[in-house]
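Note: the block below is data_18.cif and it holds mmCIF, C-alpha atoms and all ligand atoms.
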data_protein
loop_
_atom_site.label_atom_id
_atom_site.label_comp_id
_atom_site.auth_asym_id
_atom_site.auth_seq_id
_atom_site.Cartn_x
_atom_site.Cartn_y
_atom_site.Cartn_z
CA MET H 1 18.77 81.81 -40.73
CA ALA H 2 18.46 79.30 -37.97
CA GLU H 3 18.77 75.61 -38.52
CA ILE H 4 19.03 74.17 -35.04
CA VAL H 5 20.87 70.87 -34.65
CA LEU H 6 21.05 68.92 -31.40
CA LYS H 7 23.97 66.53 -31.45
CA SER H 8 24.36 63.68 -28.94
CA LEU H 9 22.53 65.88 -26.47
CA ALA H 10 21.89 64.73 -22.90
CA HIS H 11 21.05 66.56 -19.72
CA THR H 12 20.79 65.59 -16.08
CA TYR H 13 19.96 67.74 -13.07
CA SER H 14 21.58 65.11 -10.87
CA THR H 15 25.17 65.55 -9.68
CA ASN H 16 25.63 61.80 -9.60
CA PRO H 17 23.48 60.20 -12.34
CA GLN H 18 23.25 56.42 -12.00
CA SER H 19 20.92 55.38 -14.80
CA ALA H 20 18.88 56.62 -17.78
CA GLU H 21 16.06 57.62 -15.38
CA ASP H 22 18.34 60.30 -13.89
CA TYR H 23 18.46 62.12 -17.24
CA ALA H 24 15.85 64.75 -18.19
CA ILE H 25 17.19 64.52 -21.78
CA ARG H 26 18.46 61.10 -22.85
CA HIS H 27 20.80 61.06 -25.79
CA MET H 28 19.12 63.03 -28.51
CA GLU H 29 19.93 63.71 -32.16
CA HIS H 30 17.56 66.18 -33.73
CA VAL H 31 17.36 68.76 -36.52
CA TRP H 32 14.93 71.69 -36.60
CA ASP H 33 15.09 73.03 -40.16
CA GLN H 34 15.30 76.75 -40.81
CA GLY H 35 11.88 78.41 -41.05
CA GLY H 36 9.79 75.46 -39.88
CA ALA H 37 6.72 75.65 -37.62
CA TYR H 38 7.25 72.91 -35.09
CA ALA H 39 5.58 71.64 -31.97
CA LEU H 40 7.28 69.81 -29.14
CA LEU H 41 4.56 67.67 -27.63
CA GLY H 42 4.67 65.44 -24.59
CA PRO H 43 3.35 64.79 -21.09
CA SER H 44 4.37 66.72 -18.02
CA GLY H 45 7.94 65.96 -16.97
CA CYS H 46 9.13 64.47 -20.29
CA GLY H 47 11.78 67.17 -20.71
CA LYS H 48 10.19 69.78 -22.99
CA SER H 49 11.14 72.87 -20.98
CA THR H 50 14.60 71.47 -20.34
CA LEU H 51 15.11 71.09 -24.08
CA LEU H 52 13.87 74.62 -24.86
CA ASN H 53 16.09 76.10 -22.17
CA ILE H 54 19.09 74.29 -23.63
CA ILE H 55 18.30 75.69 -27.09
CA SER H 56 17.85 79.24 -25.79
CA GLY H 57 20.96 79.05 -23.63
CA LEU H 58 19.29 79.35 -20.22
CA LEU H 59 20.69 75.91 -19.46
CA ALA H 60 24.03 74.34 -20.45
CA PRO H 61 23.64 70.69 -21.53
CA THR H 62 25.50 68.05 -19.57
CA GLU H 63 26.60 66.35 -22.80
CA GLY H 64 26.51 67.06 -26.52
CA ASP H 65 26.30 70.11 -28.73
CA VAL H 66 23.78 72.69 -29.88
CA LEU H 67 24.54 73.98 -33.38
CA PHE H 68 22.95 77.03 -35.00
CA ASP H 69 23.55 76.97 -38.75
CA GLY H 70 26.49 74.66 -38.19
CA HIS H 71 28.12 76.73 -35.43
CA ARG H 72 28.44 75.34 -31.93
CA VAL H 73 26.69 77.72 -29.52
CA ASN H 74 27.05 75.81 -26.23
CA GLU H 75 29.07 78.62 -24.69
CA LEU H 76 26.99 81.53 -26.06
CA PRO H 77 24.79 83.28 -23.48
CA PRO H 78 21.05 83.61 -24.33
CA GLU H 79 21.33 87.27 -25.39
CA GLU H 80 23.85 86.36 -28.07
CA ARG H 81 21.83 83.52 -29.58
CA ASN H 82 19.29 85.60 -31.54
CA ILE H 83 16.49 83.57 -30.12
CA ALA H 84 13.36 84.84 -28.39
CA GLN H 85 11.52 82.81 -25.79
CA VAL H 86 7.87 83.26 -24.83
CA PHE H 87 6.94 81.66 -21.52
CA GLN H 88 3.66 80.47 -19.96
CA PHE H 89 3.35 83.70 -18.06
CA PRO H 90 3.85 86.97 -19.93
CA VAL H 91 7.22 88.60 -19.28
CA ILE H 92 6.55 92.32 -19.56
CA TYR H 93 7.13 95.46 -17.53
CA ASP H 94 3.81 96.38 -15.89
CA THR H 95 4.65 100.02 -15.31
CA MET H 96 5.69 100.66 -18.92
CA THR H 97 3.29 101.36 -21.77
CA VAL H 98 2.70 98.75 -24.43
CA PHE H 99 4.79 100.86 -26.83
CA ASP H 100 7.73 101.00 -24.43
CA ASN H 101 7.47 97.29 -23.73
CA LEU H 102 7.66 96.51 -27.44
CA ALA H 103 10.46 99.04 -27.93
CA PHE H 104 12.48 97.70 -25.00
CA PRO H 105 14.47 94.96 -26.79
CA LEU H 106 15.41 97.42 -29.57
CA ARG H 107 16.41 100.25 -27.22
CA ASN H 108 18.36 97.70 -25.22
CA MET H 109 20.45 97.08 -28.34
CA ASN H 110 20.92 100.86 -28.81
CA THR H 111 18.75 100.93 -31.93
CA PRO H 112 18.24 104.56 -33.02
CA GLU H 113 14.74 105.90 -32.17
CA TYR H 114 13.91 106.61 -35.83
CA ARG H 115 14.12 102.84 -36.43
CA VAL H 116 12.40 101.82 -33.20
CA LYS H 117 9.08 103.51 -33.93
CA PRO H 118 8.26 101.98 -37.35
CA LYS H 119 9.20 98.52 -36.13
CA VAL H 120 7.03 98.80 -33.00
CA LEU H 121 4.12 100.09 -35.09
CA GLU H 122 4.51 97.24 -37.58
CA VAL H 123 4.51 94.54 -34.89
CA ALA H 124 1.66 96.20 -32.95
CA ASP H 125 -0.37 96.18 -36.16
CA ILE H 126 0.22 92.46 -36.77
CA LEU H 127 -0.72 91.60 -33.20
CA GLU H 128 -3.71 94.00 -33.16
CA LEU H 129 -2.17 95.96 -30.31
CA THR H 130 -2.23 99.39 -32.00
CA PRO H 131 -5.17 100.80 -29.97
CA LEU H 132 -3.38 99.79 -26.76
CA LEU H 133 0.05 101.28 -27.45
CA SER H 134 -0.25 104.10 -24.94
CA ARG H 135 -1.80 101.93 -22.18
CA LYS H 136 0.18 100.84 -19.16
CA ALA H 137 0.83 97.08 -19.45
CA LYS H 138 -0.58 96.41 -15.99
CA ASN H 139 -4.07 97.31 -17.27
CA LEU H 140 -4.07 94.69 -20.00
CA THR H 141 -5.92 91.36 -20.06
CA ALA H 142 -3.92 88.12 -19.91
CA ASP H 143 -4.12 87.53 -23.67
CA GLU H 144 -3.12 91.13 -24.45
CA LYS H 145 -0.14 90.77 -22.12
CA GLN H 146 0.87 87.54 -23.84
CA LYS H 147 0.64 89.27 -27.22
CA VAL H 148 3.00 91.97 -25.94
CA SER H 149 5.37 89.20 -24.80
CA MET H 150 5.30 87.72 -28.30
CA GLY H 151 5.73 91.16 -29.83
CA ARG H 152 8.92 91.68 -27.84
CA GLY H 153 10.35 88.68 -29.68
CA LEU H 154 9.15 89.84 -33.06
CA VAL H 155 10.46 93.42 -33.03
CA ARG H 156 14.05 92.27 -33.26
CA ASP H 157 15.21 91.77 -36.85
CA ASP H 158 18.05 89.63 -35.58
CA VAL H 159 15.70 87.02 -34.07
CA THR H 160 15.83 83.88 -36.19
CA ALA H 161 13.91 81.52 -33.94
CA ILE H 162 11.14 81.90 -31.38
CA LEU H 163 10.59 79.29 -28.69
CA PHE H 164 7.13 79.18 -27.12
CA ASP H 165 6.80 77.36 -23.81
CA GLU H 166 3.07 76.62 -23.37
CA PRO H 167 2.27 80.24 -24.26
CA LEU H 168 -1.51 79.89 -24.16
CA THR H 169 -1.85 78.35 -20.69
CA VAL H 170 -3.19 81.54 -19.13
CA ILE H 171 -5.41 82.46 -22.08
CA ASP H 172 -9.19 82.02 -22.12
CA PRO H 173 -10.24 78.98 -24.19
CA GLN H 174 -12.23 81.17 -26.63
CA LEU H 175 -9.19 83.33 -27.34
CA LYS H 176 -6.76 80.45 -27.65
CA TRP H 177 -7.68 79.55 -31.22
CA LYS H 178 -7.45 83.22 -32.21
CA LEU H 179 -3.95 83.61 -30.84
CA ARG H 180 -2.89 80.32 -32.36
CA ARG H 181 -4.07 81.53 -35.76
CA LYS H 182 -2.16 84.76 -35.18
CA LEU H 183 1.00 82.79 -34.50
CA LYS H 184 0.50 80.83 -37.69
CA GLU H 185 0.07 84.11 -39.61
CA ILE H 186 3.26 85.47 -38.06
CA HIS H 187 5.09 82.32 -39.03
CA GLU H 188 3.96 82.68 -42.64
CA ARG H 189 4.92 86.36 -42.75
CA PHE H 190 8.35 86.20 -41.14
CA ASN H 191 10.89 83.57 -42.08
CA ILE H 192 11.35 82.44 -38.49
CA THR H 193 11.88 78.97 -37.05
CA MET H 194 9.23 78.45 -34.39
CA ILE H 195 9.15 75.72 -31.76
CA TYR H 196 5.97 75.54 -29.76
CA VAL H 197 5.92 73.46 -26.59
CA THR H 198 2.63 71.99 -25.47
CA HIS H 199 1.11 68.91 -23.90
CA ASP H 200 -2.08 69.39 -25.93
CA GLN H 201 -2.24 67.43 -29.20
CA LEU H 202 -4.87 69.73 -30.71
CA GLU H 203 -2.73 72.80 -30.04
CA ALA H 204 0.27 71.04 -31.54
CA SER H 205 -1.47 69.93 -34.70
CA THR H 206 -3.19 73.25 -35.40
CA PHE H 207 0.07 75.18 -35.07
CA ALA H 208 2.76 72.90 -36.42
CA ASP H 209 3.66 71.41 -39.78
CA LYS H 210 5.72 68.83 -37.94
CA ILE H 211 5.47 67.60 -34.36
CA ALA H 212 8.25 66.15 -32.22
CA VAL H 213 6.69 63.82 -29.65
CA MET H 214 8.78 63.60 -26.51
CA TYR H 215 8.66 60.77 -24.03
CA GLU H 216 11.02 60.13 -21.13
CA GLY H 217 13.65 62.57 -22.37
CA GLN H 218 13.67 61.45 -26.00
CA VAL H 219 11.99 62.47 -29.23
CA VAL H 220 10.27 59.21 -30.11
CA GLN H 221 8.75 60.51 -33.37
CA PHE H 222 9.10 63.61 -35.53
CA GLY H 223 6.38 63.78 -38.14
CA THR H 224 3.30 65.47 -39.55
CA PRO H 225 0.08 65.20 -37.53
CA ARG H 226 -1.11 62.69 -40.11
CA GLU H 227 2.00 60.51 -39.78
CA LEU H 228 1.65 60.50 -36.00
CA PHE H 229 -1.92 59.33 -36.38
CA GLU H 230 -1.47 56.78 -39.15
CA THR H 231 1.91 55.28 -38.32
CA PRO H 232 2.88 55.95 -34.71
CA ALA H 233 6.58 55.09 -34.48
CA HIS H 234 6.39 54.28 -30.76
CA THR H 235 3.62 52.84 -28.60
CA PHE H 236 3.63 56.07 -26.58
CA VAL H 237 2.75 58.08 -29.71
CA GLY H 238 -0.13 55.69 -30.43
CA TYR H 239 -1.39 56.07 -26.91
CA PHE H 240 -0.87 59.86 -26.62
CA ILE H 241 -2.18 60.94 -30.05
CA GLY H 242 -5.81 60.32 -30.90
CA SER H 243 -8.94 60.30 -28.84
CA PRO H 244 -9.10 57.71 -27.48
CA GLY H 245 -5.55 56.46 -28.06
CA MET H 246 -4.50 53.33 -29.92
CA ASN H 247 -5.41 49.85 -28.63
CA PHE H 248 -2.40 47.64 -27.91
CA PHE H 249 -2.19 43.98 -27.10
CA GLU H 250 0.73 41.71 -26.39
CA LEU H 251 1.58 38.84 -28.70
CA HIS H 252 3.69 35.80 -28.42
CA TYR H 253 5.01 33.83 -31.31
CA ASP H 254 5.53 30.10 -31.28
CA HIS H 255 5.99 27.57 -34.10
CA ASN H 256 4.98 29.96 -36.86
CA THR H 257 1.81 31.04 -35.04
CA ALA H 258 1.06 34.29 -33.24
CA TYR H 259 -0.99 34.10 -30.06
CA PHE H 260 -2.98 36.68 -28.17
CA GLY H 261 -3.17 35.00 -24.75
CA GLU H 262 -4.14 31.38 -25.50
CA HIS H 263 -5.76 32.22 -28.81
CA PRO H 264 -4.02 31.85 -32.16
CA LEU H 265 -4.37 34.96 -34.32
CA PRO H 266 -5.03 34.64 -38.04
CA LEU H 267 -2.19 36.99 -39.08
CA ASN H 268 -0.96 37.06 -42.65
CA ASN H 269 2.48 35.87 -43.71
CA ALA H 270 3.96 39.39 -43.68
CA TYR H 271 3.35 39.69 -39.93
CA LEU H 272 4.55 36.16 -39.29
CA ALA H 273 7.78 36.90 -41.17
CA ALA H 274 8.30 40.09 -39.11
CA LEU H 275 7.59 38.19 -35.89
CA ARG H 276 10.10 35.50 -36.83
CA GLN H 277 12.77 38.17 -37.11
CA ALA H 278 11.90 39.97 -33.87
CA GLU H 279 14.75 39.70 -31.40
CA SER H 280 12.67 40.52 -28.36
CA ARG H 281 9.72 38.96 -26.63
CA ASN H 282 8.22 42.39 -26.03
CA VAL H 283 5.95 42.30 -29.07
CA LYS H 284 2.65 44.13 -29.42
CA LEU H 285 0.06 44.83 -32.06
CA GLY H 286 -1.69 48.18 -32.14
CA ILE H 287 -4.85 49.34 -33.84
CA ARG H 288 -6.55 52.72 -33.79
CA PRO H 289 -10.15 52.71 -32.47
CA GLU H 290 -11.12 54.30 -35.80
CA PHE H 291 -9.97 51.20 -37.70
CA VAL H 292 -11.66 48.50 -35.64
CA GLU H 293 -14.52 47.11 -37.76
CA VAL H 294 -17.70 46.51 -35.79
CA SER H 295 -20.76 44.64 -37.04
CA THR H 296 -23.97 43.45 -35.46
CA THR H 297 -23.89 40.09 -37.25
CA ASP H 298 -21.41 37.25 -37.33
CA GLU H 299 -19.58 37.96 -40.61
CA PRO H 300 -16.65 35.83 -41.87
CA GLY H 301 -13.41 36.80 -40.13
CA THR H 302 -15.12 38.52 -37.20
CA VAL H 303 -14.85 37.62 -33.51
CA ALA H 304 -17.74 37.81 -31.06
CA VAL H 305 -17.02 40.19 -28.18
CA GLN H 306 -18.94 41.60 -25.27
CA ASN H 307 -20.24 45.14 -25.56
CA LYS H 308 -19.24 46.66 -22.21
CA HIS H 309 -20.17 50.27 -22.78
CA LEU H 310 -21.27 52.60 -25.53
CA GLN H 311 -20.58 56.29 -25.07
CA ASP H 312 -22.44 58.62 -27.39
CA LEU H 313 -20.39 61.75 -28.05
CA GLY H 314 -22.70 63.47 -30.54
CA THR H 315 -20.85 63.21 -33.83
CA TYR H 316 -19.38 59.80 -32.97
CA ALA H 317 -19.61 57.05 -30.37
CA ILE H 318 -16.99 55.05 -28.49
CA LEU H 319 -17.63 51.37 -27.97
CA THR H 320 -15.73 49.66 -25.16
CA PHE H 321 -15.49 45.90 -25.55
CA SER H 322 -13.52 43.13 -23.98
CA LEU H 323 -11.54 40.50 -25.79
CA ASN H 324 -9.40 37.96 -24.00
CA GLN H 325 -9.93 39.81 -20.68
CA GLN H 326 -8.53 42.99 -22.17
CA THR H 327 -10.45 46.19 -22.83
CA PHE H 328 -10.48 47.74 -26.30
CA LYS H 329 -12.09 50.81 -27.83
CA ALA H 330 -13.71 51.25 -31.22
CA ARG H 331 -14.83 54.55 -32.66
CA LEU H 332 -18.16 54.39 -34.46
CA PRO H 333 -19.87 56.90 -36.74
CA GLU H 334 -22.87 58.84 -35.47
CA ASP H 335 -25.26 56.74 -37.60
CA HIS H 336 -24.07 53.32 -36.39
CA PRO H 337 -26.76 50.61 -36.03
CA PRO H 338 -28.05 49.79 -32.54
CA LEU H 339 -25.70 47.36 -30.78
CA GLY H 340 -26.69 44.35 -28.67
CA GLU H 341 -24.76 42.78 -25.81
CA THR H 342 -22.64 40.81 -28.26
CA VAL H 343 -20.97 42.55 -31.19
CA TYR H 344 -18.65 41.20 -33.88
CA ILE H 345 -15.34 42.87 -34.49
CA ARG H 346 -12.50 42.56 -36.95
CA PHE H 347 -9.01 44.05 -36.92
CA PRO H 348 -8.14 44.53 -40.63
CA ASP H 349 -4.57 43.31 -41.29
CA ASP H 350 -3.51 46.48 -43.10
CA LYS H 351 -4.59 48.67 -40.18
CA LEU H 352 -2.52 46.85 -37.58
CA SER H 353 0.89 48.10 -36.49
CA LEU H 354 3.54 45.81 -35.07
CA TYR H 355 5.75 47.02 -32.19
CA VAL H 356 8.90 45.34 -30.96
CA ASP H 357 10.35 46.80 -27.77
CA GLU H 358 7.78 49.63 -28.12
CA TYR H 359 9.06 50.75 -31.56
CA ARG H 360 7.11 50.20 -34.76
CA VAL H 361 8.39 47.60 -37.18
CA GLU H 362 7.57 48.05 -40.85
CA VAL H 363 5.67 45.03 -42.18
CA ASP H 364 6.13 44.31 -45.85
CA HIS H 365 2.69 43.33 -47.17
CA GLU H 366 3.86 42.76 -50.78
N1 LIG A 1 15.67 72.68 -11.96
C1 LIG A 1 15.46 71.36 -11.89
N2 LIG A 1 16.10 70.61 -10.94
C2 LIG A 1 15.91 69.28 -10.87
N3 LIG A 1 15.10 68.59 -11.69
C3 LIG A 1 14.44 69.27 -12.63
C4 LIG A 1 14.58 70.70 -12.78
N4 LIG A 1 13.80 71.10 -13.82
C5 LIG A 1 13.19 69.98 -14.29
N5 LIG A 1 13.57 68.88 -13.58
C6 LIG A 1 13.16 67.48 -13.82
O1 LIG A 1 13.51 67.15 -15.16
C7 LIG A 1 12.47 66.40 -15.80
C8 LIG A 1 11.99 67.15 -17.04
O2 LIG A 1 11.36 68.36 -16.63
P1 LIG A 1 10.82 69.48 -17.63
O3 LIG A 1 10.33 70.64 -16.84
O4 LIG A 1 11.85 69.73 -18.67
O5 LIG A 1 9.61 68.70 -18.30
P2 LIG A 1 8.36 69.29 -19.10
O6 LIG A 1 8.07 68.26 -20.15
O7 LIG A 1 8.63 70.66 -19.55
O8 LIG A 1 7.23 69.26 -18.00
P3 LIG A 1 6.02 70.31 -17.76
O9 LIG A 1 5.10 70.15 -18.94
O10 LIG A 1 5.42 69.82 -16.48
O11 LIG A 1 6.64 71.67 -17.67
C9 LIG A 1 11.40 66.20 -14.75
O12 LIG A 1 11.62 64.95 -14.14
C10 LIG A 1 11.65 67.32 -13.76
O13 LIG A 1 11.24 66.96 -12.46
#
Let me see the structure of the file written as structure tokens.
Amino acid sequence: MAEIVLKSLAHTYSTNPQSAEDYAIRHMEHVWDQGGAYALLGPSGCGKSTLLNIISGLLAPTEGDVLFDGHRVNELPPEERNIAQVFQFPVIYDTMTVFDNLAFPLRNMNTPEYRVKPKVLEVADILELTPLLSRKAKNLTADEKQKVSMGRGLVRDDVTAILFDEPLTVIDPQLKWKLRRKLKEIHERFNITMIYVTHDQLEASTFADKIAVMYEGQVVQFGTPRELFETPAHTFVGYFIGSPGMNFFELHYDHNTAYFGEHPLPLNNAYLAALRQAESRNVKLGIRPEFVEVSTTDEPGTVAVQNKHLQDLGTYAILTFSLNQQTFKARLPEDHPPLGETVYIRFPDDKLSLYVDEYRVEVDHE
């Protein structure tokens, strides 16, 4: 069992932190349920590796607690945490055979040989390493080496969670999907909590049931790939997830009217009520390029905009248009009609998201 709870967690590498920017992890409360397949997704430098190292025990957090199944483990060294970590670069012994590499963690715990062999054979079979068992590890390809690294985590019955830190970085693109599927299979077979760190949204959504999106040392949303797409909880999630990311534009609200620049926006009463209650002037609307309606004729409720660029990407096209001196994107189906210099767009009310101080505010449309 391994439910991993992070309580009031914060970490700084600075000896004299002055502000939030000096923290690699900024006050975090988070629960990874037992047995889940999770991804930790975010841009370079947002704190992903720091967080994994705190969970595995390679790093002691500056503040807060790490709880495994309710027990505080802050003081436990990595080898006593029953957690395996797979890094970007395979950690194996080149001069040993694949068999001995896989057996190493078990022999290290003084497991009797009669129990080592069946376990190594079982894990080698799952990872399709059986034909390579007698080979020296130094003669393996990068993906085979990474499979051995993963296998070293799986042989131990006491391992209750595996942390993967960008494990497919050194793997050929064609083999990546195969290894990812293998990981998914392993997750289904063993009842192990898995946390997979990546900065690639496709990798995250093909592996994980739930994704934690990290930004500037915080988890800004923890949800299914669909939730991250449909209701991004933070503007960063809208921008980072999706291709291209969400369109955002700043609003201001005055005398019961919302304005985009100088132009009043015909927003419904639900948005106006939410704007009335907003306690900040940092207010934005967001809309996914997929939800922008584009027509070639001036329909009721549409706005004329200038077609700046149309990029044909085979199965879909991306239209770039400008509105109020700001650039927006719309995603069009492959069979869209030919577009002139002026196109007519509409942002459907129910597809807009409202953000106050970068966080999404629920708008009650009833
Ligand atoms: N040993 C260290 N000493 C000082 N600062 C560090 C150290 N390790 C990381 N940092 C800083 O902490 C922040 C978070 O880094 P971290 O490596 O956790 O991010 P990451 O999301 O894993 O990035 P990447 O995807 O590039 O590995 C960054 O600003 C980084 O420069």
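A distance cut-off of 7 Å from ligand LIG 1 (chain A), applied to only C-alpha atoms and all ligand atoms, picks out the residues Tyr13, Ala24, Gly42, Pro43, Ser44, Gly45, Cys46, Gly47, Lys48, Ser49, Thr50, Leu51 and His199 of chain H.
Nearest to Leu168 of chain H of all the residues H:Thr95, H:Thr342, H:Gln146, H:Asn139 is H:Gln146, based on only C-alpha atoms.
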**OP:** Anything within 9 Å of (10.3, 42.8, -28.1): list those residues as a list in words, counting only C-alpha atoms and sticking to the file's coordinates.
**Re:** Ala278, Glu279, Ser280, Arg281, Asn282, Val283, Lys284, Tyr355, Val356, Asp357, Glu358 and Tyr359 of chain H
Original post:
Any idea what's packed within 10 Å of Val31 of chain H, counting only C-alpha atoms, ignoring anything in its chain fewer than 4 positions away? Could you give it as a PyMOL selection string?
Top reply: chain H and resi 3-7+67+222
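Ranking H:Ala204, H:Pro300, H:Gly153, H:Phe104 by their shortest atom-to-atom distance to Trp177 of chain H, with all atoms listed in the file included, puts H:Ala204 first.
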**OP:** Taking (-19.8, 48.1, -34.3) in the file's own coordinates, collect the residues within 12 Å, counting only C-alpha atoms, and hand them back as an NGL selection string.
**Re:** :H and (289-299 or 302-307 or 309-310 or 316-321 or 329-347)
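Picture a line from atom CA of Gly36 of chain H to atom CA of Leu228 of chain H; it runs 17.5 Å.
Here atom CA of Val148 of chain H stands at a distance of 23.6 Å from atom CA of Pro77 of chain H.
Using only C-alpha atoms, the shortest contact distance between His71 of chain H and any of H:Ala2, H:Val197, H:Val116, H:Ile92 is found at H:Ala2.
The interatomic distance for the pair atom CA of Thr160 of chain H and atom CA of Arg26 of chain H works out to 26.5 Å.
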Between segment 124-223 of chain H and segment 234-252 of chain H, at 8 Å or less, what are the per-residue closest atom pairs and their distances in Å? Count all atoms listed in the file, order by chain and rising residue number, and return it as CSV.
residue,atom,partner,partner_atom,distance
H:Gln201,CA,H:Ile241,CA,6.5
H:Val213,CA,H:Val237,CA,7.0
H:Tyr215,CA,H:Phe236,CA,7.3
H:Val220,CA,H:His234,CA,6.3
H:Gln221,CA,H:His234,CA,7.2
**OP:** Please identify all polymer residues within 8 Å of Arg276 of chain H, counting all atoms listed in the file, omitting same-chain residues fewer than 3 positions from it, and present them as a VMD selection string.
**Re:** chain H and resid 253 256 272 to 273
Selection to disk with C-alpha atoms, as a compact mmCIF listing (two decimals), in the coordinates of the input:
# COMPACT_ATOMS: atom_id res chain seq x y z
CA TYR H 253 5.01 33.83 -31.31
CA ASN H 256 4.98 29.96 -36.86
CA LEU H 272 4.55 36.16 -39.29
CA ALA H 273 7.78 36.90 -41.17
**OP:** Go through H:Gly70, H:Gly217, H:Pro348, H:Pro78 and flag the residue nearest Ser56 of chain H, using all atoms listed in the file for the distances.
**Re:** H:Pro78
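Closest approach to Asp200 of chain H from the set H:Pro232, H:Ala39, H:Gln174, H:Leu140 is made by H:Ala39, with distances taken over only C-alpha atoms.
Proximity ranking of H:Lys117, H:Arg360, H:Lys176, H:His30 relative to Val219 of chain H places H:His30 first, based on all atoms listed in the file.
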Original post:
Quick one: residues within 12 Å of Glu185 of chain H, only C-alpha atoms counted, chain neighbours fewer than 5 positions away excluded, as a list of chain:residue names?
Top reply: H:Ala37, H:Ile126, H:Leu127, H:Lys178, H:Leu179, H:Arg180, H:Phe190, H:Asn191, H:Ile192, H:Met194, H:Phe207, H:Ala208
Atoms kept (C-alpha atoms) for selection, written as a PDB file, in the coordinates of the input:
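New file selection.pdb:
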ATOM      1  CA  ALA H  37       6.720  75.650 -37.620  1.00  0.00           C
ATOM      2  CA  ILE H 126       0.220  92.460 -36.770  1.00  0.00           C
ATOM      3  CA  LEU H 127      -0.720  91.600 -33.200  1.00  0.00           C
ATOM      4  CA  LYS H 178      -7.450  83.220 -32.210  1.00  0.00           C
ATOM      5  CA  LEU H 179      -3.950  83.610 -30.840  1.00  0.00           C
ATOM      6  CA  ARG H 180      -2.890  80.320 -32.360  1.00  0.00           C
ATOM      7  CA  PHE H 190       8.350  86.200 -41.140  1.00  0.00           C
ATOM      8  CA  ASN H 191      10.890  83.570 -42.080  1.00  0.00           C
ATOM      9  CA  ILE H 192      11.350  82.440 -38.490  1.00  0.00           C
ATOM     10  CA  MET H 194       9.230  78.450 -34.390  1.00  0.00           C
ATOM     11  CA  PHE H 207       0.070  75.180 -35.070  1.00  0.00           C
ATOM     12  CA  ALA H 208       2.760  72.900 -36.420  1.00  0.00           C
TER      13      ALA H 208
END
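Shell of Ile195 of chain H at 10 Å, with only C-alpha atoms counted and residues fewer than 6 places along the chain excluded, is H:Trp32, H:Gly36, H:Ala37, H:Tyr38, H:Ala39, H:Leu40, H:Leu52, H:Gln85, H:Ala161, H:Ile162, H:Leu163, H:Phe164, H:Asp165, H:Phe207, H:Ala208, H:Lys210, H:Ile211, H:Ala212.
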Please save C-alpha atoms of the selected residues as a CSV table (one decimal), in the frame of the given file.
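Written output follows (part_14.csv):
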chain,number,residue,atom,x,y,z
H,32,TRP,CA,14.9,71.7,-36.6
H,36,GLY,CA,9.8,75.5,-39.9
H,37,ALA,CA,6.7,75.6,-37.6
H,38,TYR,CA,7.2,72.9,-35.1
H,39,ALA,CA,5.6,71.6,-32.0
H,40,LEU,CA,7.3,69.8,-29.1
H,52,LEU,CA,13.9,74.6,-24.9
H,85,GLN,CA,11.5,82.8,-25.8
H,161,ALA,CA,13.9,81.5,-33.9
H,162,ILE,CA,11.1,81.9,-31.4
H,163,LEU,CA,10.6,79.3,-28.7
H,164,PHE,CA,7.1,79.2,-27.1
H,165,ASP,CA,6.8,77.4,-23.8
H,207,PHE,CA,0.1,75.2,-35.1
H,208,ALA,CA,2.8,72.9,-36.4
H,210,LYS,CA,5.7,68.8,-37.9
H,211,ILE,CA,5.5,67.6,-34.4
H,212,ALA,CA,8.2,66.2,-32.2
Subject >> Close residues, Pro266 of chain H itself excluded, 10 Å, all atoms listed in the file, min 4 positions apart in chain, as a list in words >> reply: Thr257, Ala258, Tyr259, Tyr271, Leu272, Gly301 and Asp349 of chain H
Please reconstruct the missing atoms of segment 318-325 of chain H (target: N, CA and C atoms) and return them as a PDB file, keeping the file's coordinate frame.
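rebuild-v3.pdb was written with the following content:
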ATOM      1  N   ILE H 318     -18.123  55.921 -28.844  1.00  0.00           N
ATOM      2  CA  ILE H 318     -16.990  55.050 -28.490  1.00  0.00           C
ATOM      3  C   ILE H 318     -17.547  53.783 -27.845  1.00  0.00           C
ATOM      4  N   LEU H 319     -17.226  52.669 -28.503  1.00  0.00           N
ATOM      5  CA  LEU H 319     -17.630  51.370 -27.970  1.00  0.00           C
ATOM      6  C   LEU H 319     -16.454  50.797 -27.173  1.00  0.00           C
ATOM      7  N   THR H 320     -16.741  50.361 -25.948  1.00  0.00           N
ATOM      8  CA  THR H 320     -15.730  49.660 -25.160  1.00  0.00           C
ATOM      9  C   THR H 320     -16.112  48.187 -25.152  1.00  0.00           C
ATOM     10  N   PHE H 321     -15.184  47.333 -25.563  1.00  0.00           N
ATOM     11  CA  PHE H 321     -15.490  45.900 -25.550  1.00  0.00           C
ATOM     12  C   PHE H 321     -14.314  45.124 -24.962  1.00  0.00           C
ATOM     13  N   SER H 322     -14.625  43.909 -24.525  1.00  0.00           N
ATOM     14  CA  SER H 322     -13.520  43.130 -23.980  1.00  0.00           C
ATOM     15  C   SER H 322     -13.252  41.924 -24.857  1.00  0.00           C
ATOM     16  N   LEU H 323     -11.981  41.623 -24.990  1.00  0.00           N
ATOM     17  CA  LEU H 323     -11.540  40.500 -25.790  1.00  0.00           C
ATOM     18  C   LEU H 323     -10.381  39.890 -25.033  1.00  0.00           C
ATOM     19  N   ASN H 324     -10.509  38.605 -24.707  1.00  0.00           N
ATOM     20  CA  ASN H 324      -9.400  37.960 -24.000  1.00  0.00           C
ATOM     21  C   ASN H 324      -9.066  38.670 -22.677  1.00  0.00           C
ATOM     22  N   GLN H 325     -10.071  39.098 -21.968  1.00  0.00           N
ATOM     23  CA  GLN H 325      -9.930  39.810 -20.680  1.00  0.00           C
ATOM     24  C   GLN H 325      -9.226  41.152 -20.798  1.00  0.00           C
TER      25      GLN H 325
END
